[in-house]
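Trainee: Sharing final_15.cif (mmCIF, C-alpha atoms) below.
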```cif
data_start
loop_
_atom_site.label_atom_id
_atom_site.label_comp_id
_atom_site.auth_asym_id
_atom_site.auth_seq_id
_atom_site.Cartn_x
_atom_site.Cartn_y
_atom_site.Cartn_z
CA MET A 54 -4.03 -20.72 -4.83
CA ARG A 55 -5.84 -19.96 -1.59
CA LYS A 56 -8.45 -17.24 -1.14
CA GLY A 57 -6.15 -14.91 0.80
CA LYS A 58 -3.39 -15.13 -1.80
CA ILE A 59 -5.84 -14.36 -4.59
CA CYS A 60 -7.00 -11.27 -2.67
CA LEU A 61 -3.41 -10.08 -2.24
CA VAL A 62 -2.46 -10.66 -5.88
CA ILE A 63 -5.52 -8.80 -7.20
CA SER A 64 -4.91 -5.99 -4.68
CA ALA A 65 -1.29 -5.63 -5.84
CA ILE A 66 -2.35 -5.48 -9.48
CA LEU A 67 -4.99 -2.84 -8.72
CA TYR A 68 -2.50 -0.76 -6.74
CA GLY A 69 -0.07 -1.19 -9.63
CA ILE A 70 -2.58 0.45 -11.99
CA LEU A 71 -2.75 3.60 -9.87
CA PRO A 72 0.61 5.22 -10.81
CA VAL A 73 -0.41 5.21 -14.49
CA LEU A 74 -3.80 6.73 -13.68
CA THR A 75 -2.09 9.23 -11.40
CA ALA A 76 0.36 10.28 -14.13
CA ILE A 77 -2.57 10.87 -16.49
CA SER A 78 -4.55 12.82 -13.87
CA TYR A 79 -1.54 15.12 -13.25
CA ARG A 80 -1.94 16.33 -16.83
CA GLY A 81 -5.16 18.01 -15.75
CA GLY A 82 -3.47 20.26 -13.19
CA ILE A 83 -4.00 18.29 -9.99
CA ASN A 84 -1.21 17.85 -7.43
CA GLY A 85 -0.41 14.95 -5.13
CA VAL A 86 -1.96 16.40 -1.97
CA THR A 87 -5.24 17.26 -3.69
CA LEU A 88 -5.39 13.87 -5.39
CA THR A 89 -4.82 12.07 -2.09
CA PHE A 90 -7.55 14.12 -0.43
CA LEU A 91 -10.03 13.53 -3.27
CA ARG A 92 -9.15 9.85 -3.41
CA SER A 93 -10.24 9.56 0.22
CA VAL A 94 -13.23 11.89 0.38
CA ILE A 95 -14.91 10.75 -2.86
CA SER A 96 -15.08 7.22 -1.50
CA LEU A 97 -16.98 8.13 1.67
CA PRO A 98 -20.54 8.38 0.26
CA VAL A 99 -20.00 5.17 -1.74
CA LEU A 100 -18.81 3.24 1.29
CA TYR A 101 -21.57 4.68 3.49
CA ALA A 102 -24.21 3.63 0.96
CA ILE A 103 -22.82 0.08 0.93
CA ILE A 104 -22.78 -0.04 4.72
CA ARG A 105 -26.37 1.17 4.98
CA ALA A 106 -27.62 -1.11 2.20
CA ASP A 107 -26.03 -4.19 3.81
CA LYS A 108 -27.00 -3.03 7.32
CA ARG A 109 -23.43 -3.30 8.53
CA ASN A 110 -22.62 -2.09 12.03
CA LEU A 111 -20.69 1.19 12.06
CA ARG A 112 -20.34 1.34 15.83
CA LEU A 113 -16.88 0.93 17.31
CA ASP A 114 -15.90 0.40 20.90
CA ARG A 115 -13.33 2.64 22.59
CA ASN A 116 -10.46 0.24 21.93
CA GLN A 117 -11.33 -0.06 18.24
CA ILE A 118 -11.59 3.72 17.86
CA LYS A 119 -8.06 4.14 19.26
CA LYS A 120 -6.65 1.45 16.97
CA VAL A 121 -8.41 2.75 13.86
CA ILE A 122 -7.12 6.30 14.49
CA ILE A 123 -3.57 5.00 14.91
CA LEU A 124 -3.88 2.96 11.71
CA GLY A 125 -5.48 5.80 9.75
CA VAL A 126 -2.90 8.42 10.71
CA PHE A 127 0.34 6.43 10.83
CA GLY A 128 -0.50 3.60 8.45
CA GLY A 129 -2.78 5.39 6.02
CA THR A 130 -1.96 9.09 5.80
CA MET A 131 1.76 9.16 6.60
CA PRO A 132 3.01 6.70 3.93
CA ILE A 133 1.10 8.43 1.13
CA LEU A 134 1.99 11.92 2.34
CA LEU A 135 5.71 11.18 2.65
CA LEU A 136 5.74 9.45 -0.73
CA TYR A 137 4.10 12.40 -2.47
CA ILE A 138 6.44 14.90 -0.77
CA SER A 139 9.43 12.84 -1.90
CA TYR A 140 8.26 13.35 -5.50
CA HIS A 141 9.37 16.98 -5.17
CA TYR A 142 12.97 15.89 -4.59
CA ILE A 143 13.50 12.73 -6.63
CA ALA A 144 11.90 10.99 -9.58
CA THR A 145 8.58 9.29 -8.91
CA GLY A 146 9.92 5.96 -10.13
CA LEU A 147 12.84 6.05 -7.71
CA ALA A 148 10.58 7.18 -4.85
CA SER A 149 8.10 4.36 -5.47
CA THR A 150 10.94 1.86 -5.65
CA LEU A 151 12.45 2.97 -2.35
CA HIS A 152 8.98 2.81 -0.80
CA PHE A 153 9.03 -0.92 -1.48
CA ILE A 154 11.56 -1.53 1.24
CA TYR A 155 8.52 -2.37 3.36
CA PRO A 156 8.17 -6.10 2.50
CA LEU A 157 11.62 -6.70 3.98
CA LEU A 158 10.74 -4.61 7.03
CA VAL A 159 7.49 -6.52 7.52
CA VAL A 160 9.28 -9.86 7.54
CA ILE A 161 12.06 -8.60 9.83
CA SER A 162 9.68 -7.00 12.33
CA SER A 163 7.45 -10.08 12.38
CA ALA A 164 10.44 -12.30 13.11
CA VAL A 165 12.32 -10.05 15.54
CA ILE A 166 9.55 -8.23 17.42
CA TYR A 167 6.82 -10.87 17.37
CA ARG A 168 9.06 -13.94 17.28
CA GLU A 169 7.33 -15.42 14.25
CA LYS A 170 9.05 -18.43 12.76
CA LEU A 171 10.75 -17.41 9.55
CA SER A 172 11.31 -20.29 7.17
CA ARG A 173 14.37 -20.28 4.99
CA ILE A 174 12.25 -20.27 1.88
CA THR A 175 10.36 -17.19 3.12
CA LEU A 176 13.65 -15.44 3.84
CA SER A 177 14.88 -16.36 0.37
CA ALA A 178 11.66 -15.08 -1.18
CA VAL A 179 11.81 -11.71 0.57
CA MET A 180 15.47 -11.26 -0.37
CA PHE A 181 14.67 -11.95 -4.02
CA VAL A 182 11.79 -9.46 -4.11
CA THR A 183 13.76 -6.80 -2.21
CA VAL A 184 16.75 -7.01 -4.56
CA GLY A 185 14.37 -7.14 -7.51
CA VAL A 186 12.54 -4.00 -6.42
CA PHE A 187 15.78 -2.05 -6.01
CA MET A 188 16.87 -3.09 -9.49
CA PHE A 189 14.00 -0.98 -10.85
CA ALA A 190 15.93 2.20 -10.10
CA ASP A 191 19.47 3.51 -9.86
CA ILE A 192 19.93 5.38 -6.59
CA GLY A 193 23.27 6.66 -7.82
CA THR A 194 21.53 8.91 -10.36
CA THR A 195 20.35 11.26 -7.62
CA SER A 196 22.24 13.10 -4.89
CA ASP A 197 19.19 14.43 -3.06
CA ILE A 198 19.28 12.70 0.29
CA THR A 199 16.05 14.38 1.43
CA GLY A 200 13.94 12.67 -1.21
CA ILE A 201 15.57 9.30 -0.58
CA VAL A 202 14.97 9.55 3.17
CA LEU A 203 11.33 10.59 2.69
CA ALA A 204 10.65 7.70 0.30
CA ILE A 205 12.25 5.18 2.67
CA LEU A 206 10.25 6.63 5.58
CA SER A 207 7.07 6.12 3.55
CA GLY A 208 8.01 2.45 3.26
CA ILE A 209 8.67 2.24 7.00
CA PHE A 210 5.25 3.68 7.81
CA TYR A 211 3.57 1.36 5.30
CA SER A 212 5.27 -1.63 6.91
CA PHE A 213 3.69 -0.43 10.15
CA TYR A 214 0.30 -0.44 8.37
CA VAL A 215 0.73 -4.06 7.26
CA VAL A 216 1.97 -5.36 10.61
CA TYR A 217 -0.47 -3.31 12.72
CA ILE A 218 -3.52 -4.61 10.85
CA ASP A 219 -2.29 -8.14 11.46
CA ARG A 220 -1.33 -7.67 15.11
CA SER A 221 -3.97 -5.26 16.39
CA GLY A 222 -6.93 -7.45 15.50
CA LEU A 223 -8.26 -4.91 13.00
CA ASP A 224 -7.99 -7.53 10.27
CA ARG A 225 -10.99 -9.21 11.92
CA MET A 226 -13.14 -6.09 11.57
CA ASP A 227 -15.69 -5.78 8.79
CA TYR A 228 -13.40 -4.77 5.93
CA VAL A 229 -15.91 -2.30 4.44
CA VAL A 230 -16.37 -0.56 7.79
CA LEU A 231 -12.61 -0.46 8.37
CA THR A 232 -12.05 1.00 4.90
CA PHE A 233 -14.73 3.64 5.58
CA TYR A 234 -13.04 4.80 8.77
CA MET A 235 -9.61 4.71 7.12
CA MET A 236 -10.86 6.98 4.34
CA LEU A 237 -12.56 9.28 6.86
CA ILE A 238 -9.37 9.71 8.89
CA MET A 239 -7.24 10.15 5.78
CA SER A 240 -9.65 12.77 4.41
CA ALA A 241 -9.50 14.76 7.64
CA SER A 242 -5.71 14.44 7.89
CA MET A 243 -5.12 15.51 4.30
CA LEU A 244 -7.57 18.41 4.63
CA ILE A 245 -5.69 19.72 7.66
CA PHE A 246 -2.28 19.22 6.04
CA GLY A 247 -3.36 20.65 2.69
CA ALA A 248 -4.92 23.71 4.28
CA ALA A 249 -1.88 24.32 6.47
CA MET A 250 0.52 24.00 3.53
CA ARG A 251 -1.85 25.74 1.09
CA SER A 252 -1.47 22.85 -1.30
CA LEU A 253 -5.12 21.97 -1.95
CA TYR A 254 -6.22 23.16 -5.42
CA PHE A 255 -9.63 22.37 -6.84
CA ASP A 256 -9.40 24.47 -9.99
CA ILE A 257 -8.55 21.40 -12.04
CA SER A 258 -9.71 20.00 -15.35
CA PRO A 259 -12.54 17.47 -15.83
CA LEU A 260 -9.79 14.96 -16.65
CA SER A 261 -8.33 15.25 -13.17
CA TRP A 262 -11.75 15.12 -11.51
CA SER A 263 -12.75 11.99 -13.42
CA PHE A 264 -9.47 10.17 -12.84
CA SER A 265 -9.57 11.11 -9.15
CA ALA A 266 -12.96 9.42 -8.94
CA VAL A 267 -11.71 6.33 -10.77
CA ILE A 268 -8.65 6.07 -8.53
CA SER A 269 -10.84 6.50 -5.45
CA LEU A 270 -13.19 3.69 -6.49
CA ILE A 271 -10.34 1.33 -7.37
CA VAL A 272 -8.74 1.86 -3.95
CA THR A 273 -11.98 1.87 -1.98
CA LEU A 274 -13.90 -0.97 -3.58
CA GLY A 275 -10.97 -3.13 -4.64
CA ALA A 276 -7.36 -2.65 -3.61
CA MET A 277 -7.68 -1.70 0.06
CA PRO A 278 -10.41 -4.14 1.20
CA LEU A 279 -8.79 -6.99 -0.75
CA PHE A 280 -5.47 -6.25 0.93
CA GLN A 281 -7.14 -6.23 4.35
CA LEU A 282 -8.76 -9.59 3.59
CA GLY A 283 -5.43 -10.94 2.40
CA VAL A 284 -3.74 -9.94 5.65
CA ARG A 285 -6.58 -11.59 7.58
CA TYR A 286 -6.16 -14.92 5.79
CA GLU A 287 -2.41 -15.01 5.10
CA GLY A 288 -0.74 -12.74 7.65
CA ALA A 289 1.67 -9.81 7.34
CA GLN A 290 4.68 -11.71 5.93
CA GLU A 291 2.77 -13.18 3.00
CA ALA A 292 1.05 -9.85 2.32
CA GLY A 293 4.39 -8.05 2.19
CA ILE A 294 5.86 -10.47 -0.32
CA LEU A 295 2.87 -10.71 -2.65
CA SER A 296 2.36 -6.95 -2.70
CA THR A 297 5.64 -6.57 -4.59
CA LEU A 298 3.71 -7.52 -7.71
CA GLU A 299 2.59 -3.88 -7.62
CA PRO A 300 5.77 -2.30 -9.09
CA VAL A 301 5.93 -5.03 -11.75
CA THR A 302 2.39 -4.14 -12.80
CA SER A 303 3.22 -0.42 -12.76
CA VAL A 304 6.28 -0.83 -14.98
CA ILE A 305 4.47 -3.01 -17.52
CA LEU A 306 1.49 -0.64 -17.75
CA GLY A 307 3.78 2.38 -17.82
CA SER A 308 5.44 0.92 -20.88
CA LEU A 309 2.19 -0.06 -22.62
CA VAL A 310 0.12 3.04 -21.80
CA LEU A 311 2.66 5.84 -21.28
CA GLY A 312 5.42 4.57 -23.54
CA GLU A 313 7.96 4.46 -20.71
CA PHE A 314 11.23 2.65 -21.37
CA ILE A 315 11.88 -0.69 -19.68
CA GLY A 316 15.60 -1.26 -19.29
CA PRO A 317 17.51 -4.50 -18.74
CA GLY A 318 17.73 -3.79 -15.00
CA GLN A 319 13.97 -3.52 -14.73
CA LEU A 320 13.50 -6.76 -16.66
CA MET A 321 15.90 -8.56 -14.35
CA GLY A 322 14.31 -6.95 -11.30
CA GLY A 323 10.85 -8.03 -12.42
CA ALA A 324 12.09 -11.58 -12.96
CA MET A 325 13.57 -11.67 -9.44
CA ILE A 326 10.33 -10.36 -7.92
CA LEU A 327 8.29 -13.01 -9.71
CA LEU A 328 10.78 -15.68 -8.60
CA GLY A 329 10.46 -14.49 -5.01
CA VAL A 330 6.66 -14.55 -5.20
CA LEU A 331 6.75 -18.07 -6.64
CA LEU A 332 9.12 -19.18 -3.87
CA ALA A 333 6.72 -17.82 -1.26
CA GLN A 334 4.00 -20.08 -2.68
CA LYS A 335 6.18 -23.19 -2.60
CA LYS A 336 6.41 -23.61 1.15
CA LYS A 337 5.85 -27.32 0.73
CA VAL A 338 9.53 -27.52 -0.20
CA ALA A 339 10.55 -25.71 2.98
CA PRO A 340 11.44 -28.94 4.83
CA LEU A 341 14.13 -29.52 2.20
CA LEU A 342 15.70 -26.21 3.15
CA GLY A 343 15.18 -26.43 6.90
CA GLU A 344 12.08 -25.68 8.92
CA SER A 345 13.09 -22.24 10.23
CA ILE A 346 16.06 -20.04 11.02
CA HIS A 347 15.08 -19.69 14.69
#
```
Would you mind writing the structure in this file as structure tokens?
Mentor:
Amino acid sequence: MRKGKICLVISAILYGILPVLTAISYRGGINGVTLTFLRSVISLPVLYAIIRADKRNLRLDRNQIKKVIILGVFGGTMPILLLYISYHYIATGLASTLHFIYPLLVVISSAVIYREKLSRITLSAVMFVTVGVFMFADIGTTSDITGIVLAILSGIFYSFYVVYIDRSGLDRMDYVVLTFYMMLIMSASMLIFGAAMRSLYFDISPLSWSFSAVISLIVTLGAMPLFQLGVRYEGAQEAGILSTLEPVTSVILGSLVLGEFIGPGQLMGGAMILLGVLLAQKKKVAPLLGESIH
């Protein structure tokens, strides 16, 4: 397995750990907006210390500043914010599942907008993982359209994040510096939103504080920079497919740590996701299926 794929797989697993840690941190009185803000702001001194210690260049030119702001607001803040708001209307499991419409959107946008060649095996892989992800939840169990729309919108914005990193050239930036600016923009955005909505609460238990710090470090030092490196080496399509290992990880850990029930649909969905991921790695058989659909 190549370096970029390893980065994407590890990133997906780390992101998959977060829902379990988040569920535990909620027991200490924290809410989604506060957790998102703390997740971003706690990371800033750590990232700054790494940048100073390694003598990395923090300076950005005018074009980079514009791109980083766009990525931070629309690719960083919006997906998380919409996902957390959707939790107020529908179950978190259903919301997270609907969010994972983004791998399909990444592949479609790359093929349609940017005219990337889409091999038949890649198309098969993304269809397997998309169907597999939707098998994790039963949309028919909820009638709240607002929550469904918000969760799908979060996936749309996250697909923008994946494609924009790949197409804007930001994937070639120093990944630590890019993560620092992403966290800075997300901190400012969540502070403004939280203050406006009066949804920032810091009277929380030591449990919530400690888990917020752990979540922040996992995202900052592991999941986000590894994902950025993966996009750099493998591109947006591959990143979208491999990232679907995240819900599989979440469901397995939710069962082991939180005692959550895994139904037959989830088992079948997980199997389809893994099959899709394996297909994506077997591009050497693509000639047998046809070079591309374009």
Trainee: Given the point (11.8, 3.8, 0.6) in the file's coordinates, find the residues that have an atom at most 12 Å from it, counting all atoms listed in the file, and give them as a compact mmCIF listing (two decimals) with C-alpha atoms, in the coordinates of the input.
Mentor:
```
# COMPACT_ATOMS: atom_id res chain seq x y z
CA PRO A 132 3.01 6.70 3.93
CA ILE A 133 1.10 8.43 1.13
CA LEU A 135 5.71 11.18 2.65
CA LEU A 136 5.74 9.45 -0.73
CA TYR A 137 4.10 12.40 -2.47
CA SER A 139 9.43 12.84 -1.90
CA TYR A 140 8.26 13.35 -5.50
CA ILE A 143 13.50 12.73 -6.63
CA THR A 145 8.58 9.29 -8.91
CA GLY A 146 9.92 5.96 -10.13
CA LEU A 147 12.84 6.05 -7.71
CA ALA A 148 10.58 7.18 -4.85
CA SER A 149 8.10 4.36 -5.47
CA THR A 150 10.94 1.86 -5.65
CA LEU A 151 12.45 2.97 -2.35
CA HIS A 152 8.98 2.81 -0.80
CA PHE A 153 9.03 -0.92 -1.48
CA ILE A 154 11.56 -1.53 1.24
CA TYR A 155 8.52 -2.37 3.36
CA PRO A 156 8.17 -6.10 2.50
CA LEU A 157 11.62 -6.70 3.98
CA LEU A 158 10.74 -4.61 7.03
CA THR A 183 13.76 -6.80 -2.21
CA VAL A 186 12.54 -4.00 -6.42
CA PHE A 187 15.78 -2.05 -6.01
CA ALA A 190 15.93 2.20 -10.10
CA ILE A 192 19.93 5.38 -6.59
CA ILE A 198 19.28 12.70 0.29
CA THR A 199 16.05 14.38 1.43
CA GLY A 200 13.94 12.67 -1.21
CA ILE A 201 15.57 9.30 -0.58
CA VAL A 202 14.97 9.55 3.17
CA LEU A 203 11.33 10.59 2.69
CA ALA A 204 10.65 7.70 0.30
CA ILE A 205 12.25 5.18 2.67
CA LEU A 206 10.25 6.63 5.58
CA SER A 207 7.07 6.12 3.55
CA GLY A 208 8.01 2.45 3.26
CA ILE A 209 8.67 2.24 7.00
CA PHE A 210 5.25 3.68 7.81
CA TYR A 211 3.57 1.36 5.30
CA SER A 212 5.27 -1.63 6.91
```
Trainee: Using only C-alpha atoms, find each residue in stretch 79-136 of chain A having at least one atom no more than 12 Å away from stretch 225-228 of chain A; report its shortest atom-to-atom pair and that distance in Å (one decimal), rows by chain then rising number, as a tab-separated table.
Mentor:
```
residue	atom	partner	partner_atom	distance
A:Leu100	CA	A:Tyr228	CA	10.7
A:Ile103	CA	A:Tyr228	CA	11.7
A:Ile104	CA	A:Asp227	CA	10.0
A:Asp107	CA	A:Asp227	CA	11.6
A:Lys108	CA	A:Asp227	CA	11.7
A:Arg109	CA	A:Asp227	CA	8.1
A:Asn110	CA	A:Asp227	CA	8.5
A:Leu111	CA	A:Asp227	CA	9.2
A:Arg112	CA	A:Asp227	CA	11.0
A:Leu113	CA	A:Met226	CA	9.8
A:Asp114	CA	A:Met226	CA	11.7
A:Gln117	CA	A:Met226	CA	9.2
A:Ile118	CA	A:Met226	CA	11.8
A:Lys120	CA	A:Met226	CA	11.3
A:Val121	CA	A:Met226	CA	10.3
```
Trainee: Looking at all atoms listed in the file, which of A:Gly247, A:Asn116, A:Val230, A:Ala289 is the one that sits closest to A:Ala164?
Mentor: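 For A:Ala164, the nearest of the candidates is A:Ala289.
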Trainee: Can you pull out the residues contacting stretch 274-285 of chain A? Cut-off 8 Å, using all atoms listed in the file, and skip same-chain residues under 4 positions away; I want them as a list in words.
Mentor: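 Returned residues: Lys56, Gly57, Lys58, Ile59, Cys60, Leu61, Ile63, Ser64, Ala65, Leu67, Tyr68, Val215, Ile218, Asp219, Asp224, Arg225, Tyr228, Val229, Thr232, Leu270, Ala289, Glu291 and Ala292 of chain A.
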Trainee: So the first atom is atom CA of A:Val301 and the second is atom CA of A:Val267; what is the distance between them in Å, to one decimal place?
Mentor: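 Atom-to-atom, atom CA of A:Val301 to atom CA of A:Val267, that is 21.0 Å.
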